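Enquirer: mmCIF, C-alpha atoms, file work38.cif:
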data_final
#
loop_
_atom_site.label_atom_id
_atom_site.label_comp_id
_atom_site.auth_asym_id
_atom_site.auth_seq_id
_atom_site.Cartn_x
_atom_site.Cartn_y
_atom_site.Cartn_z
CA MET A 19 99.81 130.62 128.91
CA ASP A 20 99.88 130.08 125.15
CA ASP A 21 103.21 128.22 125.44
CA GLY A 22 101.82 125.65 127.88
CA ALA A 23 98.60 125.27 125.91
CA SER A 24 100.57 124.63 122.71
CA TYR A 25 102.51 121.77 124.30
CA VAL A 26 99.38 120.20 125.80
CA ALA A 27 97.49 120.57 122.51
CA MET A 28 100.19 118.80 120.47
CA VAL A 29 100.45 115.93 122.97
CA LEU A 30 96.67 115.49 122.72
CA VAL A 31 96.96 115.60 118.93
CA GLN A 32 99.46 112.72 118.94
CA LEU A 33 97.32 110.71 121.38
CA ALA A 34 94.36 111.16 119.03
CA TYR A 35 96.45 110.18 115.99
CA GLY A 36 97.64 107.08 117.86
CA GLY A 37 94.07 105.97 118.45
CA SER A 38 93.23 106.65 114.82
CA THR A 39 96.18 104.57 113.57
CA ILE A 40 95.18 101.59 115.71
CA LEU A 41 91.49 101.81 114.79
CA MET A 42 92.25 102.23 111.11
CA LYS A 43 94.55 99.19 111.07
CA ILE A 44 91.72 97.11 112.57
CA ALA A 45 89.11 98.59 110.22
CA LEU A 46 91.24 97.94 107.13
CA GLU A 47 91.67 94.32 108.19
CA LYS A 48 87.87 94.10 108.59
CA GLY A 49 87.32 95.32 105.02
CA LEU A 50 86.81 99.11 105.26
CA ASN A 51 87.60 100.86 101.98
CA GLN A 52 89.99 103.78 102.49
CA LEU A 53 88.25 106.09 100.00
CA VAL A 54 84.86 105.46 101.62
CA PHE A 55 86.42 106.15 105.00
CA ILE A 56 87.99 109.46 103.91
CA VAL A 57 84.77 110.71 102.30
CA TYR A 58 82.55 109.86 105.29
CA ARG A 59 84.92 111.15 108.00
CA HIS A 60 85.36 114.53 106.34
CA LEU A 61 81.64 114.88 105.66
CA ILE A 62 81.09 114.40 109.41
CA ALA A 63 83.67 117.11 110.11
CA VAL A 64 82.02 119.55 107.67
CA LEU A 65 78.61 119.01 109.29
CA LEU A 66 80.11 119.53 112.77
CA LEU A 67 82.38 122.49 112.08
CA GLY A 68 80.31 124.30 109.44
CA PRO A 69 77.70 125.83 111.78
CA PHE A 70 80.35 126.90 114.33
CA ALA A 71 82.52 128.43 111.61
CA TYR A 72 79.57 130.35 110.16
CA VAL A 73 78.41 131.76 113.50
CA LEU A 74 81.66 132.33 115.41
CA GLU A 75 83.76 133.67 112.52
CA ARG A 76 81.06 135.58 110.67
CA LYS A 77 82.69 138.97 111.37
CA GLN A 78 86.38 138.05 111.24
CA ARG A 79 86.25 135.69 108.25
CA PRO A 80 87.86 137.35 105.19
CA SER A 81 86.35 137.05 101.74
CA LEU A 82 87.43 134.10 99.63
CA SER A 83 89.34 135.02 96.50
CA VAL A 84 90.14 132.59 93.70
CA LYS A 85 93.80 132.62 94.73
CA VAL A 86 93.05 131.75 98.36
CA MET A 87 90.56 129.08 97.30
CA ALA A 88 93.22 127.50 95.08
CA LYS A 89 95.68 127.46 97.99
CA ILE A 90 93.14 125.75 100.25
CA PHE A 91 92.38 123.23 97.49
CA VAL A 92 96.09 122.36 97.17
CA LEU A 93 96.39 122.26 100.98
CA SER A 94 93.55 119.77 101.16
CA SER A 95 95.08 117.69 98.35
CA LEU A 96 98.40 117.37 100.17
CA GLY A 97 97.21 116.85 103.73
CA THR A 98 94.18 114.66 103.16
CA THR A 99 93.70 113.27 99.67
CA ILE A 100 97.33 112.37 98.91
CA HIS A 101 98.64 111.87 102.44
CA LEU A 102 95.75 109.77 103.79
CA ASN A 103 95.11 107.63 100.71
CA VAL A 104 98.76 106.75 100.22
CA TYR A 105 99.28 106.25 103.98
CA TYR A 106 96.39 103.82 104.34
CA ALA A 107 97.51 101.95 101.22
CA GLY A 108 100.91 101.48 102.86
CA LEU A 109 99.40 100.60 106.24
CA ALA A 110 97.81 97.53 104.65
CA TYR A 111 101.33 96.11 104.06
CA THR A 112 102.91 97.01 107.43
CA SER A 113 102.10 97.02 111.13
CA ALA A 114 100.80 100.09 112.94
CA THR A 115 104.06 100.35 114.91
CA VAL A 116 106.26 100.39 111.80
CA ALA A 117 103.97 102.95 110.15
CA SER A 118 104.26 105.17 113.21
CA ALA A 119 108.04 104.76 113.28
CA LEU A 120 108.30 105.99 109.71
CA SER A 121 106.37 109.13 110.66
CA ASN A 122 109.55 110.42 112.28
CA VAL A 123 110.79 111.64 108.92
CA ILE A 124 108.15 114.40 109.17
CA PRO A 125 110.11 116.62 111.63
CA CYS A 126 113.28 116.32 109.55
CA LEU A 127 111.57 117.13 106.26
CA THR A 128 109.50 119.95 107.75
CA PHE A 129 112.51 121.47 109.46
CA LEU A 130 114.65 121.37 106.30
CA VAL A 131 111.93 122.83 104.07
CA ALA A 132 111.10 125.54 106.63
CA VAL A 133 114.77 126.54 106.82
CA MET A 134 115.07 126.69 103.02
CA LEU A 135 111.94 128.83 102.76
CA GLY A 136 113.14 131.14 105.52
CA MET A 137 110.22 130.22 107.82
CA GLU A 138 112.55 128.81 110.48
CA LYS A 139 115.63 130.67 111.69
CA LEU A 140 118.74 128.58 112.20
CA SER A 141 122.14 129.66 113.50
CA ILE A 142 124.85 127.18 114.40
CA LYS A 143 126.49 129.90 116.52
CA ASN A 144 123.56 129.89 118.96
CA ALA A 145 122.95 127.09 121.45
CA SER A 146 119.28 126.95 120.44
CA GLY A 147 120.19 126.42 116.77
CA ARG A 148 122.65 123.64 117.60
CA ALA A 149 120.08 121.99 119.88
CA LYS A 150 117.47 121.92 117.09
CA ILE A 151 119.90 120.37 114.60
CA ILE A 152 121.10 117.76 117.10
CA GLY A 153 117.52 117.01 118.15
CA VAL A 154 116.37 116.36 114.59
CA VAL A 155 119.32 114.02 113.98
CA ILE A 156 118.67 112.19 117.28
CA CYS A 157 114.97 111.76 116.45
CA LEU A 158 115.81 110.28 113.06
CA GLY A 159 118.44 107.98 114.61
CA GLY A 160 115.98 106.87 117.28
CA SER A 161 113.30 105.99 114.75
CA LEU A 162 115.81 103.96 112.71
CA THR A 163 116.95 102.21 115.89
CA PHE A 164 113.36 101.42 116.84
CA THR A 165 112.55 99.99 113.41
CA PHE A 166 115.67 98.09 112.35
CA TRP A 167 117.69 97.18 115.48
CA LYS A 168 115.83 94.43 117.29
CA GLY A 169 118.48 93.66 119.87
CA GLY A 170 119.33 90.29 121.32
CA TYR A 171 116.69 90.29 124.04
CA LEU A 172 113.00 89.83 123.33
CA ILE A 173 110.61 91.30 125.89
CA ARG A 174 107.63 88.99 126.00
CA SER A 175 104.14 90.25 126.56
CA LEU A 176 102.56 89.60 129.95
CA LEU A 177 99.36 88.55 128.18
CA LYS A 178 98.78 84.99 127.03
CA ARG A 179 96.58 86.12 124.17
CA PRO A 180 95.99 89.51 122.49
CA LEU A 181 93.14 91.69 123.74
CA ILE A 182 92.23 92.48 120.12
CA SER A 183 92.48 89.82 117.42
CA LEU A 184 92.52 90.83 113.77
CA GLN A 185 91.06 88.75 110.98
CA ASP A 186 93.61 86.60 109.19
CA THR A 187 96.24 87.48 111.80
CA SER A 188 98.41 84.49 110.94
CA GLN A 189 98.27 85.31 107.25
CA ALA A 190 99.06 88.97 107.89
CA SER A 191 102.01 88.11 110.14
CA ASP A 192 103.29 85.65 107.54
CA ILE A 193 103.21 88.42 104.91
CA LEU A 194 105.07 90.80 107.20
CA ARG A 195 107.60 88.14 108.15
CA HIS A 196 108.33 86.64 104.74
CA GLY A 197 107.03 89.13 102.16
CA LYS A 198 110.00 91.48 101.99
CA GLU A 199 108.71 92.97 98.76
CA ASN A 200 105.38 93.87 100.36
CA TRP A 201 107.13 95.36 103.40
CA ILE A 202 109.30 97.57 101.18
CA LYS A 203 106.25 98.59 99.12
CA GLY A 204 104.34 99.56 102.28
CA SER A 205 107.30 101.49 103.69
CA LEU A 206 107.79 103.44 100.47
CA LEU A 207 104.09 104.30 100.30
CA ILE A 208 104.09 105.55 103.90
CA LEU A 209 107.26 107.58 103.36
CA THR A 210 105.68 109.16 100.28
CA SER A 211 102.61 110.06 102.31
CA HIS A 212 104.78 111.71 104.98
CA ILE A 213 106.46 113.87 102.34
CA ALA A 214 102.99 115.17 101.45
CA CYS A 215 102.25 115.65 105.16
CA SER A 216 105.41 117.76 105.61
CA ALA A 217 104.40 119.95 102.68
CA TRP A 218 100.92 120.22 104.22
CA LEU A 219 102.31 121.53 107.52
CA ILE A 220 104.43 124.12 105.71
CA LEU A 221 101.58 125.26 103.46
CA GLN A 222 99.21 125.59 106.43
CA ALA A 223 101.33 128.43 107.82
CA VAL A 224 101.26 130.17 104.43
CA VAL A 225 97.51 129.76 103.90
CA TYR A 226 96.65 130.88 107.43
CA LYS A 227 98.29 134.25 106.79
CA ALA A 228 96.04 134.76 103.77
CA TYR A 229 92.93 133.31 105.45
CA PRO A 230 93.19 133.75 109.27
CA ALA A 231 89.93 132.03 110.22
CA ARG A 232 90.80 128.67 111.76
CA LEU A 233 87.35 127.09 111.94
CA SER A 234 86.43 128.17 108.43
CA LEU A 235 89.79 127.03 107.09
CA THR A 236 89.42 123.60 108.71
CA THR A 237 85.87 123.29 107.34
CA LEU A 238 87.00 124.13 103.81
CA ILE A 239 89.89 121.64 104.03
CA CYS A 240 87.47 118.89 105.04
CA PHE A 241 84.99 119.89 102.32
CA PHE A 242 87.62 119.70 99.57
CA ALA A 243 88.98 116.44 101.01
CA SER A 244 85.58 114.82 100.81
CA LEU A 245 85.02 116.20 97.31
CA GLN A 246 88.39 115.04 95.96
CA SER A 247 88.08 111.53 97.42
CA SER A 248 84.50 111.30 96.09
CA VAL A 249 85.85 111.92 92.58
CA LEU A 250 88.51 109.22 93.09
CA SER A 251 85.87 106.79 94.35
CA LEU A 252 84.09 107.01 90.97
CA PHE A 253 87.08 105.08 89.57
CA PHE A 254 88.32 102.98 92.52
CA ALA A 255 85.28 102.40 94.78
CA ARG A 256 82.27 102.02 92.50
CA ASN A 257 80.83 99.00 94.33
CA GLN A 258 77.75 100.21 96.24
CA ASN A 259 78.25 97.60 98.95
CA LEU A 260 81.41 99.40 100.03
CA TRP A 261 79.34 102.45 101.04
CA LYS A 262 76.88 100.56 103.24
CA LEU A 263 77.51 101.09 106.95
CA GLU A 264 76.66 98.79 109.84
CA VAL A 265 77.19 99.11 113.58
CA ASN A 266 80.71 97.67 113.79
CA VAL A 267 84.31 98.75 114.22
CA GLN A 268 84.33 100.31 110.74
CA LEU A 269 81.49 102.67 111.69
CA TRP A 270 83.09 103.63 115.02
CA THR A 271 86.39 104.29 113.24
CA ILE A 272 84.66 106.66 110.81
CA ILE A 273 82.84 108.48 113.63
CA TYR A 274 85.98 108.77 115.78
CA SER A 275 88.08 110.04 112.89
CA GLY A 276 85.41 112.49 111.76
CA VAL A 277 84.70 113.95 115.19
CA VAL A 278 88.14 113.77 116.83
CA ILE A 279 90.69 113.86 113.98
CA SER A 280 89.10 115.85 111.15
CA SER A 281 87.31 118.26 113.48
CA LEU A 282 89.18 118.71 116.76
CA VAL A 283 92.72 117.66 115.79
CA TYR A 284 92.80 119.60 112.50
CA TYR A 285 91.68 122.72 114.38
CA LEU A 286 94.23 122.25 117.19
CA GLN A 287 97.00 121.66 114.68
CA THR A 288 96.10 124.79 112.73
CA TRP A 289 96.03 126.77 115.97
CA CYS A 290 99.47 125.50 117.05
CA ILE A 291 100.99 126.20 113.63
CA SER A 292 99.60 129.75 113.68
CA LYS A 293 101.17 130.28 117.12
CA LYS A 294 104.43 128.31 116.95
CA GLY A 295 105.06 127.45 113.31
CA PRO A 296 105.06 124.18 111.34
CA VAL A 297 108.32 122.81 112.79
CA PHE A 298 106.95 122.97 116.34
CA ALA A 299 103.90 120.93 115.31
CA ALA A 300 106.00 118.40 113.36
CA MET A 301 108.41 117.75 116.24
CA PHE A 302 105.73 116.01 118.29
CA SER A 303 105.25 113.21 115.73
CA PRO A 304 107.83 110.93 117.47
CA LEU A 305 105.38 110.60 120.35
CA LEU A 306 103.07 108.74 117.97
CA LEU A 307 105.63 105.93 117.70
CA VAL A 308 105.83 105.50 121.48
CA ILE A 309 102.03 105.63 121.91
CA VAL A 310 101.26 103.13 119.14
CA GLY A 311 104.19 100.87 120.09
CA ILE A 312 103.04 100.52 123.70
CA PHE A 313 99.39 100.03 122.73
CA SER A 314 100.25 97.42 120.10
CA ALA A 315 102.35 95.48 122.62
CA VAL A 316 99.40 95.34 125.02
CA ALA A 317 96.37 95.08 122.70
CA PHE A 318 97.84 93.05 119.82
CA LYS A 319 100.49 91.24 121.90
CA GLU A 320 103.29 92.53 119.67
CA GLN A 321 106.61 91.49 121.17
CA LEU A 322 108.98 94.36 121.92
CA HIS A 323 112.73 94.05 121.51
CA LEU A 324 115.37 95.75 123.61
CA GLY A 325 116.39 97.79 120.57
CA SER A 326 112.84 99.08 120.23
CA LEU A 327 112.78 100.36 123.80
CA ILE A 328 116.19 102.00 123.39
CA GLY A 329 115.02 103.60 120.14
CA ALA A 330 111.92 105.00 121.90
CA CYS A 331 114.11 106.55 124.61
CA ILE A 332 116.38 108.10 121.97
CA ILE A 333 113.36 109.61 120.20
CA VAL A 334 112.15 111.23 123.42
CA LEU A 335 115.66 112.62 124.00
CA GLY A 336 115.76 114.12 120.50
CA LEU A 337 112.32 115.64 120.96
CA TYR A 338 113.45 117.22 124.23
CA CYS A 339 116.52 118.73 122.53
CA VAL A 340 114.46 120.40 119.81
CA LEU A 341 111.83 121.68 122.24
CA TRP A 342 114.59 123.05 124.48
CA GLY A 343 116.06 124.86 121.48
CA LYS A 344 112.67 126.26 120.52
CA ARG A 345 112.09 127.37 124.11
CA LYS A 346 115.47 129.14 124.32
CA GLU A 347 114.81 130.83 121.00
CA SER A 348 111.36 132.10 122.06
CA LEU A 349 112.77 133.45 125.36
CA TYR A 350 115.56 135.22 123.49
CA ASN A 351 113.10 136.77 121.04
CA ALA A 352 110.87 137.89 123.94
CA GLN A 353 113.85 139.60 125.60
CA LEU A 354 114.67 141.45 122.37
CA GLU A 355 111.07 142.65 122.07
CA ASN A 356 111.09 143.87 125.68
CA GLN A 357 114.35 145.76 125.11
CA LYS A 358 112.91 147.43 122.01
CA ALA A 359 109.76 148.38 123.92
#
Just give me the structure as structure tokens.
Expert:
Amino acid sequence: MDDGASYVAMVLVQLAYGGSTILMKIALEKGLNQLVFIVYRHLIAVLLLGPFAYVLERKQRPSLSVKVMAKIFVLSSLGTTIHLNVYYAGLAYTSATVASALSNVIPCLTFLVAVMLGMEKLSIKNASGRAKIIGVVICLGGSLTFTFWKGGYLIRSLLKRPLISLQDTSQASDILRHGKENWIKGSLLILTSHIACSAWLILQAVVYKAYPARLSLTTLICFFASLQSSVLSLFFARNQNLWKLEVNVQLWTIIYSGVVISSLVYYLQTWCISKKGPVFAAMFSPLLLVIVGIFSAVAFKEQLHLGSLIGACIIVLGLYCVLWGKRKESLYNAQLENQKA
């Protein structure tokens, strides 16, 4: 039962992240400040999760030591303050599809770090170990194919005009088409953010062992995220007009991210990592590329190339290889436990 729930949960997580990426790209184009966004969305999560964490985990929540508090503070710095701020800075220079494609370095980095730290077992002699290695390589190759090989055939959108038009669309497309320096800058920023995200996934497994209260842990992560970004805003977002909210796409983006991403998704991700480990959670990130790519083609009328579709298929194949390896490994471990019993 837990196995099936873990797979469903991670697919839902990637669907939610896909919606967040699209909404955030629109909101940034409309003028939403990224620091203001991060502060507000995590405050919403704290207000939502705090009461549930206090009531439901009152008996099982361990006491907070200085050492555990420091670990949670670093965890919040990596996964929210550094990852999100750098990611959104890079997103301003690239499209949502390219940003999602670059997220496919997360499984590779997480897998390598987990192996080096001994959190993930790897044996080339076993079929499951070979499948995981091949799957990671295939996922990386698929993301590179999606991003850089356009192919000779351009698949035109069925729509005459985009369903969602961004402000200064022609100017933004001109920057992406001709501003190679900006494109490289955005890509490097997003890659840097994904390095922090990989470290965040690894550290979550470590912190959860010291503080096994998922709701409380998620609440504390959101609290520190809001606090850290508030400090940064004293230097980079001092204009009071940036903090004023109106009923528009910026407000709905903040509410969606606070309720769905910072509350529900953070909790589901922590639950999956506690059950399956950080590599299992990271291996679903290629789905984000497919979700955002398809949505962008329909909503923004982004034209898809043959190479992009082939790259998406390769990514799904690599994901299947790794999940098959993880499944074989879990079945083998279950058989060993039964024999010992």
Enquirer: I'd like the interatomic distance between CA of Glu47 in chain A and CA of Leu61 in chain A, to a tenth of an Å.
Expert: 23.0 Å
Enquirer: Would you mind reading off the distance between CA of Leu30 in chain A and CA of Tyr226 in chain A, one decimal, in Å?
Expert: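 Rounded to one decimal, the two atoms are 21.7 Å apart.
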Enquirer: My list of candidates is A:Leu74, A:Ala145, A:Leu219, A:Leu135. Which is closest to Lys294 in chain A when distances are computed with all atoms listed in the file?
Expert: A:Leu219
Enquirer: Out of A:Pro69, A:Pro80, A:Gly276, A:Gly159, which residue has the shortest atom-to-atom distance to Ser38 in chain A when counting only C-alpha atoms?
Expert: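 For Ser38 in chain A, the nearest of the candidates is A:Gly276.
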Enquirer: Using Å and a single decimal, report how far CA of Phe298 in chain A sits from CA of Leu341 in chain A.
Expert: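 One can read the CA of Leu341 in chain A to CA of Phe298 in chain A distance as 7.8 Å.
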Enquirer: Compare A:Leu260, A:Ser234, A:Val310, A:Ser247 by their minimum atom-to-atom distance to Tyr72 in chain A, counting all atoms listed in the file, and give me the closest one.
Expert: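 Of A:Leu260, A:Ser234, A:Val310, A:Ser247, the one nearest Tyr72 in chain A is A:Ser234, counting all atoms listed in the file.
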Enquirer: Between A:Lys293, A:Ile220, A:Glu347, A:Ala299, which one has atoms that come closest to Met134 in chain A, using only C-alpha atoms?
Expert: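 Of A:Lys293, A:Ile220, A:Glu347, A:Ala299, the one nearest Met134 in chain A is A:Ile220, counting only C-alpha atoms.
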Enquirer: Determine the nearest neighbour of Tyr229 in chain A from the options A:Arg59, A:Lys358, A:Lys85, A:Lys143, counting only C-alpha atoms.
Expert: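 Nearest to Tyr229 in chain A: A:Lys85.
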Enquirer: Enumerate, as JSON, numbers by chain, the residues matched when the PyMOL selection byres ((chain A and resi 118) around 12) is run on the file above.
Expert: {"A": [32, 35, 36, 37, 38, 39, 40, 43, 105, 106, 108, 109, 112, 113, 114, 115, 116, 117, 119, 120, 121, 122, 123, 124, 161, 162, 164, 165, 205, 208, 209, 212, 303, 304, 305, 306, 307, 308, 309, 310, 311, 312, 313, 314, 330]}
Enquirer: Could you check which of A:Tyr111, A:Trp167, A:Trp218, A:Phe91 is closest to Thr288 in chain A, using all atoms listed in the file?
Expert: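 Ranking A:Tyr111, A:Trp167, A:Trp218, A:Phe91 by distance to Thr288 in chain A, first place goes to A:Trp218.
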Enquirer: Determine the residue membership of the PyMOL selection byres ((chain A and resi 90) around 12) for the file above and supply it as a short mmCIF file (atom, residue, chain, number, x, y, z; two decimals) with C-alpha atoms, in the coordinates of the input.
Expert:
data_model
loop_
_atom_site.label_atom_id
_atom_site.label_comp_id
_atom_site.auth_asym_id
_atom_site.auth_seq_id
_atom_site.Cartn_x
_atom_site.Cartn_y
_atom_site.Cartn_z
CA LEU A 82 87.43 134.10 99.63
CA SER A 83 89.34 135.02 96.50
CA VAL A 84 90.14 132.59 93.70
CA LYS A 85 93.80 132.62 94.73
CA VAL A 86 93.05 131.75 98.36
CA MET A 87 90.56 129.08 97.30
CA ALA A 88 93.22 127.50 95.08
CA LYS A 89 95.68 127.46 97.99
CA PHE A 91 92.38 123.23 97.49
CA VAL A 92 96.09 122.36 97.17
CA LEU A 93 96.39 122.26 100.98
CA SER A 94 93.55 119.77 101.16
CA SER A 95 95.08 117.69 98.35
CA LEU A 96 98.40 117.37 100.17
CA GLY A 97 97.21 116.85 103.73
CA THR A 98 94.18 114.66 103.16
CA TRP A 218 100.92 120.22 104.22
CA LEU A 221 101.58 125.26 103.46
CA GLN A 222 99.21 125.59 106.43
CA ALA A 223 101.33 128.43 107.82
CA VAL A 224 101.26 130.17 104.43
CA VAL A 225 97.51 129.76 103.90
CA TYR A 226 96.65 130.88 107.43
CA LYS A 227 98.29 134.25 106.79
CA ALA A 228 96.04 134.76 103.77
CA TYR A 229 92.93 133.31 105.45
CA SER A 234 86.43 128.17 108.43
CA LEU A 235 89.79 127.03 107.09
CA THR A 236 89.42 123.60 108.71
CA THR A 237 85.87 123.29 107.34
CA LEU A 238 87.00 124.13 103.81
CA ILE A 239 89.89 121.64 104.03
CA CYS A 240 87.47 118.89 105.04
CA PHE A 241 84.99 119.89 102.32
CA PHE A 242 87.62 119.70 99.57
CA ALA A 243 88.98 116.44 101.01
#
Enquirer: Written as a list of chain:residue names, which residues does the PyMOL selection byres ((chain A and resi 45) around 10) give for the file shown?
Expert: A:Thr39, A:Ile40, A:Leu41, A:Met42, A:Lys43, A:Ile44, A:Leu46, A:Glu47, A:Lys48, A:Gly49, A:Leu50, A:Asn51, A:Gln52, A:Phe55, A:Leu184, A:Asn266, A:Val267, A:Gln268, A:Leu269, A:Trp270, A:Thr271, A:Ile272
Enquirer: Residues at most 12 Å from Leu140 in chain A, counting all atoms listed in the file, excluding those fewer than 6 positions away in the same chain, as a list of chain:residue names?
Expert: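 Final neighbour list, sorted by chain and number: A:Phe129, A:Leu130, A:Ala132, A:Val133, A:Met134, A:Ser146, A:Gly147, A:Arg148, A:Ala149, A:Lys150, A:Ile151, A:Val297, A:Val340, A:Gly343, A:Lys344, A:Glu347.
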Enquirer: Just need the box for range 122-141 of chain A, edges along x, y and z, holding every atom the file lists for it with 8 Å tacked onto each side, so centre and edge lengths in Å to one decimal, as AutoDock Vina command-line options.
Expert:
--center_x 115.1 --center_y 120.8 --center_z 108.1 --size_x 30.0 --size_y 36.7 --size_z 26.7
Enquirer: Just range 128-135 of chain A, please, as a PDB file, in the first residue's frame (only all heavy atoms).
Expert:
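Dumped everything to part-v7.pdb:
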ATOM      1  N   THR A 128      21.579  14.036  -6.798  1.00  0.00           N
ATOM      2  CA  THR A 128      21.095  13.393  -5.578  1.00  0.00           C
ATOM      3  C   THR A 128      21.575  11.955  -5.482  1.00  0.00           C
ATOM      4  O   THR A 128      21.985  11.486  -4.416  1.00  0.00           O
ATOM      5  CB  THR A 128      19.556  13.441  -5.524  1.00  0.00           C
ATOM      6  OG1 THR A 128      19.113  14.787  -5.709  1.00  0.00           O
ATOM      7  CG2 THR A 128      19.041  12.920  -4.200  1.00  0.00           C
ATOM      8  N   PHE A 129      21.521  11.256  -6.598  1.00  0.00           N
ATOM      9  CA  PHE A 129      21.960   9.860  -6.627  1.00  0.00           C
ATOM     10  C   PHE A 129      23.450   9.750  -6.299  1.00  0.00           C
ATOM     11  O   PHE A 129      23.860   8.911  -5.481  1.00  0.00           O
ATOM     12  CB  PHE A 129      21.675   9.267  -8.010  1.00  0.00           C
ATOM     13  CG  PHE A 129      22.095   7.836  -8.159  1.00  0.00           C
ATOM     14  CD1 PHE A 129      21.359   6.815  -7.574  1.00  0.00           C
ATOM     15  CD2 PHE A 129      23.222   7.509  -8.884  1.00  0.00           C
ATOM     16  CE1 PHE A 129      21.741   5.499  -7.707  1.00  0.00           C
ATOM     17  CE2 PHE A 129      23.621   6.195  -9.027  1.00  0.00           C
ATOM     18  CZ  PHE A 129      22.880   5.182  -8.438  1.00  0.00           C
ATOM     19  N   LEU A 130      24.264  10.597  -6.909  1.00  0.00           N
ATOM     20  CA  LEU A 130      25.710  10.542  -6.680  1.00  0.00           C
ATOM     21  C   LEU A 130      26.061  10.880  -5.235  1.00  0.00           C
ATOM     22  O   LEU A 130      26.877  10.197  -4.607  1.00  0.00           O
ATOM     23  CB  LEU A 130      26.425  11.502  -7.640  1.00  0.00           C
ATOM     24  CG  LEU A 130      26.393  11.130  -9.124  1.00  0.00           C
ATOM     25  CD1 LEU A 130      27.020  12.235  -9.956  1.00  0.00           C
ATOM     26  CD2 LEU A 130      27.122   9.814  -9.368  1.00  0.00           C
ATOM     27  N   VAL A 131      25.438  11.925  -4.687  1.00  0.00           N
ATOM     28  CA  VAL A 131      25.726  12.319  -3.309  1.00  0.00           C
ATOM     29  C   VAL A 131      25.249  11.240  -2.337  1.00  0.00           C
ATOM     30  O   VAL A 131      25.938  10.915  -1.357  1.00  0.00           O
ATOM     31  CB  VAL A 131      25.064  13.669  -2.982  1.00  0.00           C
ATOM     32  CG1 VAL A 131      25.243  14.007  -1.515  1.00  0.00           C
ATOM     33  CG2 VAL A 131      25.657  14.773  -3.847  1.00  0.00           C
ATOM     34  N   ALA A 132      24.066  10.666  -2.610  1.00  0.00           N
ATOM     35  CA  ALA A 132      23.544   9.619  -1.733  1.00  0.00           C
ATOM     36  C   ALA A 132      24.441   8.383  -1.734  1.00  0.00           C
ATOM     37  O   ALA A 132      24.644   7.747  -0.697  1.00  0.00           O
ATOM     38  CB  ALA A 132      22.124   9.239  -2.162  1.00  0.00           C
ATOM     39  N   VAL A 133      25.001   8.051  -2.893  1.00  0.00           N
ATOM     40  CA  VAL A 133      25.924   6.911  -2.972  1.00  0.00           C
ATOM     41  C   VAL A 133      27.200   7.201  -2.192  1.00  0.00           C
ATOM     42  O   VAL A 133      27.705   6.356  -1.443  1.00  0.00           O
ATOM     43  CB  VAL A 133      26.243   6.579  -4.447  1.00  0.00           C
ATOM     44  CG1 VAL A 133      27.387   5.574  -4.538  1.00  0.00           C
ATOM     45  CG2 VAL A 133      25.015   6.021  -5.141  1.00  0.00           C
ATOM     46  N   MET A 134      27.728   8.424  -2.334  1.00  0.00           N
ATOM     47  CA  MET A 134      28.964   8.779  -1.631  1.00  0.00           C
ATOM     48  C   MET A 134      28.780   8.803  -0.124  1.00  0.00           C
ATOM     49  O   MET A 134      29.690   8.466   0.634  1.00  0.00           O
ATOM     50  CB  MET A 134      29.471  10.148  -2.128  1.00  0.00           C
ATOM     51  CG  MET A 134      30.035  10.117  -3.544  1.00  0.00           C
ATOM     52  SD  MET A 134      30.822  11.679  -4.020  1.00  0.00           S
ATOM     53  CE  MET A 134      29.408  12.771  -4.087  1.00  0.00           C
ATOM     54  N   LEU A 135      27.581   9.187   0.324  1.00  0.00           N
ATOM     55  CA  LEU A 135      27.306   9.237   1.757  1.00  0.00           C
ATOM     56  C   LEU A 135      26.838   7.901   2.322  1.00  0.00           C
ATOM     57  O   LEU A 135      26.597   7.784   3.522  1.00  0.00           O
ATOM     58  CB  LEU A 135      26.245  10.308   2.056  1.00  0.00           C
ATOM     59  CG  LEU A 135      26.643  11.756   1.771  1.00  0.00           C
ATOM     60  CD1 LEU A 135      25.474  12.700   2.045  1.00  0.00           C
ATOM     61  CD2 LEU A 135      27.848  12.164   2.609  1.00  0.00           C
TER      62      LEU A 135
END
